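Only one structure is covered here, and it is reproduced in the block below.
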Amino acid sequence: MLKSHEKYYSEFGKRQVLVVDDEVINREMLGFMLASDYVVLYAEDGEDALQKIRENSHTLSLVLLDLMMPKLDGFQLMEILRTDPELEHIPYIVLTSERSAEVASLRSGASDFIAKPFEQPEVILARIQRTIELAEDKDIIQNTERDPLTSLFNREFFYRYVEQYDMHHPAKKMDAVALNINHFHLLNELYGWDYGDHVLSAIGNKVRELMAENGGIAGRMDADSFLLYYPSGADYDSIRDMLGRGLLEGKATNSNKVKVRIGIYPNVDRDVKIERRFDRAKQAADTIRSSYTKFVAYYDNSLREKELMEESLIESLDTAVAERQFRIFYQPKYDITGEKPVLCSAEALVRWNHPEFGMVSPGVFIPLFEDKGLIQKVDRFVWEEAAAQICAWREKFGITLPVSVNVSRIDVYAPDFVSNFKNLMTKYQLKPQDYYLEITESAYTEDSEQLLAVVGQLREEGFSVEMDDFGSGYSSLNMISTLPIDALKLDMNFIRNMHRKESKNNRIIELMIDIARYLEVPVVAEGVETQDQVDLLRSMGCHVVQGYYFSKPVSAEEFEGFIKELLE
Amino acid sequence: MMTIEKLKAFGANTEEGLGRCMNNEAFYFRLIGMAAKDPNFEKLEIAVVMEELDDAFEAAHALKGVLGNLALTPLFTPANEMCELLRSRTETDYGPLMEQLMQAKAQLEALLAE
């Protein structure tokens with residue numbers, strides 16, 4: 001017997017079997033046959049049987065079931081066993097002296113039948129063993145293939161079954177569908193993980209009903225992400241209504257907060273790779289991620305163009321690095337603690353002058369490369385350029401102007417992450433103090449352990465680490481108090497919303513500056529556009545500002561003007 | 001005392017019956033003792049007299065199963081015949097079959113009493 005089947009044994013080291021027959025002699029005779037191999041339970045009628053099945057539903061390996069019984073007969077009991085989700089995993093064999101009942105029993109879900117008068121014990125034992133092992137194999141396979149919470153296929157098997165579906169239905173028109181819950185994390189936060197799981201499992205059930213009715217394949221990928229391979233022509237608005245209905249029953253006062261959104265790549269092109277089909281559905285769903293009015297979106301030409309452009313950007317990345325299509329722009333940072341703002345450093349920002357598309361916005365290619373795990377190539381290019389630039393300015397002007405560079409969350413996983421910076425310092429004869437690293441706040445909350453370890457190492461080496469976009473993430477005060485950082489950089493949105501008059505936003509900025517004071521680190525404000533903002537920030541105790549008020553990001557050549565100004 | 005030889009002489013297919021009892025004679029004889037006291041004999045007798053064919057079928061069906069498992073052929077044969085007739089609720093004189101069944105039962109009881 002397979003070792004993997006051992007978990008099906010009861011505490012006595014044997015499997016548990018229930019014998020149901022109203023005739024005591026038949027019960028005893030079967031029990032006597034089974035006793036050396038199984039733990040045998042007995043029931044003398046259908047009701048008694050149902051109660052014992054429910055009591056032992058997690059340990060019972062098989063039910064041997066007589067058909068003609070008082071109270072609840074065998075067919076009624078089979079109906080319950082077949083349809084109750086708590087019991088449907090338990091196999092049953094029918095005991096019958098009626099040839100005519102054999103087929104009916106199999107149709108009612110019986111795994112096998114044992115004729116009366118009974119065959120010899122070894123035959124019966126062999127049939128019982130085979131039925132139990134088949135059921136256990138099925139259970140093992142299900143556990144491998146399926147997500148335990150929803151019983152839908154897991155990622156790997158979902159794609160495999162879609163492939164098989166295609167082979168068996170070569171001409172059928174199918175849609176690739178991606179289904180998510182808007183603001184699912186809120187649900188978990190508001191009502192707890194158990195409730196989040198409850199909602200996912202409820203959606204899982206509804207999805208399975210859909211599949212049972214109309215065919216198709218369904219899987220759950222991760223968290224709130226479901227994929228469906230569904231026959232074309234469905235009314236997705238009503239499917240969405242059906243899936244979302246009753247999700248927050250008795251919970252939400254504001255049920256607008258949780259909605260199902262659906263992205264569809266309709267009538268899939270079978271030449272497109274399977275995973276790509278669902279990427280398209282996900283892309284469509286992403287377009288309505290933060291919409292409060294639109295919940296169903298289709299993959300269309302504009303998305304197709306976007307996809308083509310993204311593919312093209314990804315393909316040209318290596319060439320772009322090699323041909324230096326990426327250009328570094330520098331935005332000056334000014335110290336405003338004195339009476340007159342003084343240039344104190346610069347932030348290195350990347351621009352892509354693409355031979356085909358012209359200037360590509362970093363807002364387009366940075367998230368794309370981050371998503372595809374390629375951002376390191378860009379980041380490393382920028383890091384080196386910035387180091388070389390500090391060195392070049394030092395040679396030309398005799399002063400060292402520190403430059404800050406951006407670090408993506410994924411960068412810190414590179415084994416040579418810290419040594420790469422050290423090498424740059426050696427190569428360009430810089431001190432780590434001249435080189436600032438900006439790491440966005442959200443990176444700290446996503447995977448703080450690894451990040452904190454690496455940041456700790458960098459600081460030991462003498463590098464300054466600034467927390468970028470502070471206030472945009474979800475840092476807990478507790479976490480902030482233990483953070484190894486050298487500066488807080490306020491999220492641009494706070495600065496944009498600053499007012500001359502007292503406002504909540506202003507008070508939040510003051511609060512963040514207070515936090516920095518408590519941590520004994522300077523505060524940098526970016527996105528500063530007006531004199532008023534500079535004055536207000538100064539009065540609040542902000543140390544450094546950058547933004548269009550002083551200058552937009554400019555080329556290295558243009559930037560030299562600011563250095564000259566400083567030297568004058 | 002009951003023996004396999006006596007049962008065989010009575011007409012039982014002891015090889016089959018004993019086989020179903022994992023060749024444990026004591027267990028086989030104990031089940032036969034229980035079968036002789038099965039209330040379905042009485043239920044069948046009354047139902048036949050009262051011509052309540054549904055009840056009669058239930059009782060005959062139950063007896064058929066038990067007697068078949070114990071391979072008590074002299075009892076099984078009339079019980080089985082009655083069961084098949086009663087399945088279609090055939091209106092016939094069940095007296096002779098009933099008598100055959102009860103006579104065989106009496107013989108079995110005599111064996112058990114020896």
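By order in the structure tokens, chains are A, B, ...; within a chain, residues start at 1; ligands start at 1, following the order shown.
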Please provide as a CSV table (one decimal) with all heavy atoms, in the first residue's frame all residues within 9 Å of B:Ile32, with the sequence filter that same-chain residues fewer than 4 positions apart are discarded (counting only C-alpha atoms).
```csv
chain,number,residue,atom,x,y,z
A,25,ILE,N,-28.0,-10.4,11.3
A,25,ILE,CA,-27.1,-11.5,10.8
A,25,ILE,C,-26.2,-11.0,9.7
A,25,ILE,O,-25.0,-11.3,9.7
A,25,ILE,CB,-27.9,-12.7,10.4
A,25,ILE,CG1,-28.6,-13.2,11.7
A,25,ILE,CG2,-27.1,-13.8,9.7
A,25,ILE,CD1,-29.7,-14.3,11.4
B,27,PHE,N,-19.0,-19.3,15.2
B,27,PHE,CA,-19.6,-18.1,14.7
B,27,PHE,C,-20.8,-18.5,13.8
B,27,PHE,O,-21.9,-17.9,13.9
B,27,PHE,CB,-18.6,-17.2,14.0
B,27,PHE,CG,-19.2,-15.9,13.5
B,27,PHE,CD1,-19.6,-14.9,14.5
B,27,PHE,CD2,-19.2,-15.6,12.2
B,27,PHE,CE1,-20.1,-13.7,14.0
B,27,PHE,CE2,-19.8,-14.4,11.7
B,27,PHE,CZ,-20.2,-13.4,12.7
B,28,TYR,N,-20.5,-19.4,12.9
B,28,TYR,CA,-21.5,-19.9,11.9
B,28,TYR,C,-22.8,-20.4,12.6
B,28,TYR,O,-23.9,-20.0,12.4
B,28,TYR,CB,-20.9,-20.9,11.0
B,28,TYR,CG,-21.8,-21.4,9.9
B,28,TYR,CD1,-22.6,-20.6,9.2
B,28,TYR,CD2,-21.7,-22.8,9.4
B,28,TYR,CE1,-23.4,-21.0,8.1
B,28,TYR,CE2,-22.5,-23.2,8.4
B,28,TYR,CZ,-23.3,-22.4,7.7
B,28,TYR,OH,-24.1,-22.8,6.7
B,36,ALA,N,-32.8,-18.7,13.3
B,36,ALA,CA,-34.0,-19.5,13.6
B,36,ALA,C,-35.0,-18.6,14.4
B,36,ALA,O,-36.2,-18.9,14.4
B,36,ALA,CB,-33.6,-20.7,14.4
B,37,LYS,N,-34.4,-17.6,15.1
B,37,LYS,CA,-35.3,-16.8,15.9
B,37,LYS,C,-35.7,-15.5,15.2
B,37,LYS,O,-36.3,-14.5,15.8
B,37,LYS,CB,-34.6,-16.4,17.3
B,37,LYS,CG,-34.4,-17.6,18.1
B,37,LYS,CD,-33.8,-17.2,19.5
B,37,LYS,CE,-33.3,-18.4,20.2
B,37,LYS,NZ,-31.9,-18.4,20.6
B,67,LEU,N,-31.0,-16.1,5.0
B,67,LEU,CA,-30.9,-17.5,4.7
B,67,LEU,C,-30.0,-17.8,3.6
B,67,LEU,O,-29.2,-18.8,3.7
B,67,LEU,CB,-32.3,-18.1,4.4
B,67,LEU,CG,-33.4,-17.9,5.6
B,67,LEU,CD1,-34.8,-18.2,5.1
B,67,LEU,CD2,-33.0,-18.7,6.8
B,70,LEU,N,-26.5,-17.5,5.0
B,70,LEU,CA,-26.1,-18.7,5.8
B,70,LEU,C,-26.1,-20.0,5.0
B,70,LEU,O,-25.7,-21.0,5.6
B,70,LEU,CB,-27.0,-18.8,7.0
B,70,LEU,CG,-26.9,-17.6,8.0
B,70,LEU,CD1,-28.1,-17.7,9.0
B,70,LEU,CD2,-25.6,-17.6,8.7
B,72,LEU,N,-28.6,-21.8,4.1
B,72,LEU,CA,-29.5,-22.8,4.6
B,72,LEU,C,-30.5,-23.1,3.5
B,72,LEU,O,-31.6,-22.6,3.5
B,72,LEU,CB,-30.2,-22.2,5.8
B,72,LEU,CG,-29.3,-21.9,7.0
B,72,LEU,CD1,-30.0,-21.1,8.1
B,72,LEU,CD2,-28.8,-23.2,7.6
B,108,LEU,N,-34.6,-27.4,11.5
B,108,LEU,CA,-33.4,-26.7,11.9
B,108,LEU,C,-33.4,-26.5,13.4
B,108,LEU,O,-32.4,-26.7,14.1
B,108,LEU,CB,-33.3,-25.3,11.2
B,108,LEU,CG,-32.1,-24.5,11.5
B,108,LEU,CD1,-30.8,-25.2,10.9
B,108,LEU,CD2,-32.2,-23.1,10.9
B,112,LEU,N,-30.8,-27.7,16.2
B,112,LEU,CA,-30.2,-26.8,17.1
B,112,LEU,C,-30.4,-27.3,18.6
B,112,LEU,O,-29.6,-27.0,19.5
B,112,LEU,CB,-30.8,-25.4,17.0
B,112,LEU,CG,-30.3,-24.6,15.7
B,112,LEU,CD1,-31.2,-23.4,15.5
B,112,LEU,CD2,-28.8,-24.2,15.9
```
Report as number ranges by chain the set of chain B residues whose atoms approach chain A to within 7 Å, with distances computed over only C-alpha atoms. B: 19-22, 31, 65-66, 68-69
Can you check which residues of stretch 376-434 of chain A DSSP gives as strand (DSSP E) on the backbone and send them as a ChimeraX atom specification? /A:403-407
Store the residues of this selection in a file with C-alpha atoms, as a compact mmCIF listing (two decimals), in the first residue's frame.
```txt
# COMPACT_ATOMS: atom_id res chain seq x y z
CA VAL A 403 23.47 62.47 -5.79
CA SER A 404 20.58 60.22 -4.78
CA VAL A 405 19.44 57.25 -6.84
CA ASN A 406 16.31 55.14 -6.69
CA VAL A 407 16.38 51.55 -5.54
```
Might you pull out every residue within 9 Å of B:Glu114, with only C-alpha atoms counted and same-chain residues fewer than 3 positions away left off, and present them as a ChimeraX atom specification? /B:1-2,109-111
As an MDAnalysis selection string, please: the residues near stretch 446-462 of chain A (cut-off 9 Å, only C-alpha atoms, same-chain neighbours under 6 positions excluded). chainID A and resid 409 412:413 417:418 421:422 431:433 483:486
Among stretch 19-110 of chain B, which residues carry a DSSP assignment of helix (DSSP H, G or I), reported as a count of residues only? 74
With only C-alpha atoms as the counted atoms, please give the residues lying no more than 10 Å from B:Thr3, apart from itself and same-chain residues fewer than 3 positions off, as an MDAnalysis selection string. chainID B and resid 6:9 25:26 29 111:112
As a short mmCIF file (atom, residue, chain, number, x, y, z; two decimals) with C-alpha atoms, in the first residue's frame, please: the residues near B:Asn40 (cut-off 12 Å, only C-alpha atoms, same-chain neighbours under 2 positions excluded).
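File produced: out-v6.cif:
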```cif
data_model
loop_
_atom_site.label_atom_id
_atom_site.label_comp_id
_atom_site.auth_asym_id
_atom_site.auth_seq_id
_atom_site.Cartn_x
_atom_site.Cartn_y
_atom_site.Cartn_z
CA ASP A 22 -31.33 -3.83 9.06
CA GLU A 23 -30.65 -7.56 9.41
CA MET B 34 -30.08 -16.18 15.56
CA ALA B 35 -31.65 -16.84 12.16
CA ALA B 36 -33.99 -19.47 13.63
CA LYS B 37 -35.33 -16.75 15.94
CA ASP B 38 -35.66 -14.15 13.20
CA GLU B 42 -43.65 -14.70 12.16
CA LYS B 43 -44.17 -11.46 10.25
CA LEU B 44 -44.32 -13.42 6.98
CA GLU B 45 -46.76 -15.98 8.36
CA ILE B 46 -49.16 -13.33 9.60
CA ALA B 47 -48.87 -11.22 6.45
CA VAL B 48 -49.60 -14.22 4.24
CA ASP B 55 -45.49 -6.69 4.45
CA ALA B 56 -45.12 -10.22 3.22
CA PHE B 57 -42.65 -9.14 0.55
CA GLU B 58 -40.56 -7.18 3.05
CA ALA B 59 -40.36 -10.15 5.39
CA ALA B 60 -39.65 -12.66 2.61
CA HIS B 61 -36.99 -10.39 1.18
CA ALA B 62 -35.27 -10.03 4.53
CA LEU B 63 -35.37 -13.79 5.12
CA LYS B 64 -34.09 -14.52 1.67
CA GLY B 65 -31.01 -12.37 2.32
CA VAL B 66 -30.21 -13.89 5.68
CA LEU B 67 -30.93 -17.53 4.74
CA ALA B 79 -38.22 -18.09 0.97
CA MET B 102 -41.86 -23.56 8.38
#
```
For A:Val350, please output as a ChimeraX atom specification all residues within 10 Å (counting only C-alpha atoms; exclusion window: fewer than 5 positions along the same chain). /A:326-330,361-362,366,378-379,381-382,405-406,553
Serialized selection, N, CA and C atoms, as a PDB file, in the first residue's frame:
```
ATOM      1  N   PHE A 326      19.121  55.280 -22.514  1.00  0.00           N
ATOM      2  CA  PHE A 326      18.647  55.855 -21.251  1.00  0.00           C
ATOM      3  C   PHE A 326      19.515  57.062 -20.930  1.00  0.00           C
ATOM      4  N   ARG A 327      18.863  58.140 -20.546  1.00  0.00           N
ATOM      5  CA  ARG A 327      19.627  59.326 -20.166  1.00  0.00           C
ATOM      6  C   ARG A 327      19.260  59.721 -18.753  1.00  0.00           C
ATOM      7  N   ILE A 328      20.261  60.209 -18.037  1.00  0.00           N
ATOM      8  CA  ILE A 328      20.009  60.563 -16.652  1.00  0.00           C
ATOM      9  C   ILE A 328      19.788  62.061 -16.561  1.00  0.00           C
ATOM     10  N   PHE A 329      18.708  62.436 -15.914  1.00  0.00           N
ATOM     11  CA  PHE A 329      18.420  63.834 -15.635  1.00  0.00           C
ATOM     12  C   PHE A 329      18.594  64.058 -14.142  1.00  0.00           C
ATOM     13  N   TYR A 330      18.939  65.294 -13.804  1.00  0.00           N
ATOM     14  CA  TYR A 330      19.205  65.584 -12.392  1.00  0.00           C
ATOM     15  C   TYR A 330      18.293  66.695 -11.921  1.00  0.00           C
ATOM     16  N   SER A 361       7.915  57.841 -21.229  1.00  0.00           N
ATOM     17  CA  SER A 361       7.783  58.290 -19.844  1.00  0.00           C
ATOM     18  C   SER A 361       8.226  57.190 -18.882  1.00  0.00           C
ATOM     19  N   PRO A 362       8.978  57.588 -17.831  1.00  0.00           N
ATOM     20  CA  PRO A 362       9.342  56.593 -16.815  1.00  0.00           C
ATOM     21  C   PRO A 362       8.089  56.006 -16.157  1.00  0.00           C
ATOM     22  N   ILE A 366       9.019  52.151 -16.111  1.00  0.00           N
ATOM     23  CA  ILE A 366       9.469  51.674 -14.790  1.00  0.00           C
ATOM     24  C   ILE A 366       8.499  50.635 -14.194  1.00  0.00           C
ATOM     25  N   VAL A 378      17.891  48.638 -15.606  1.00  0.00           N
ATOM     26  CA  VAL A 378      17.811  50.094 -15.693  1.00  0.00           C
ATOM     27  C   VAL A 378      18.466  50.717 -14.464  1.00  0.00           C
ATOM     28  N   ASP A 379      18.087  50.198 -13.290  1.00  0.00           N
ATOM     29  CA  ASP A 379      18.600  50.770 -12.042  1.00  0.00           C
ATOM     30  C   ASP A 379      20.125  50.753 -12.023  1.00  0.00           C
ATOM     31  N   PHE A 381      22.191  50.711 -14.430  1.00  0.00           N
ATOM     32  CA  PHE A 381      22.716  51.688 -15.386  1.00  0.00           C
ATOM     33  C   PHE A 381      22.717  53.080 -14.739  1.00  0.00           C
ATOM     34  N   VAL A 382      21.592  53.426 -14.110  1.00  0.00           N
ATOM     35  CA  VAL A 382      21.463  54.738 -13.468  1.00  0.00           C
ATOM     36  C   VAL A 382      22.484  54.887 -12.343  1.00  0.00           C
ATOM     37  N   VAL A 405      19.985  58.120  -5.788  1.00  0.00           N
ATOM     38  CA  VAL A 405      19.441  57.245  -6.841  1.00  0.00           C
ATOM     39  C   VAL A 405      18.303  56.414  -6.261  1.00  0.00           C
ATOM     40  N   ASN A 406      17.442  55.953  -7.143  1.00  0.00           N
ATOM     41  CA  ASN A 406      16.310  55.138  -6.687  1.00  0.00           C
ATOM     42  C   ASN A 406      16.658  53.654  -6.691  1.00  0.00           C
ATOM     43  N   PRO A 553      13.762  68.361 -13.572  1.00  0.00           N
ATOM     44  CA  PRO A 553      14.968  67.563 -13.809  1.00  0.00           C
ATOM     45  C   PRO A 553      15.618  67.997 -15.129  1.00  0.00           C
TER      46      PRO A 553
END
```
Between A:Arg380, A:Leu537, A:Arg54, A:Ser316, single out the one closest to A:Ala414, counting only C-alpha atoms. A:Arg380
A:Leu81, A:Met211, A:Ala525, A:Leu41 ranked by distance to A:Met540, top pick (using only C-alpha atoms):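 Nearest to A:Met540: A:Ala525.
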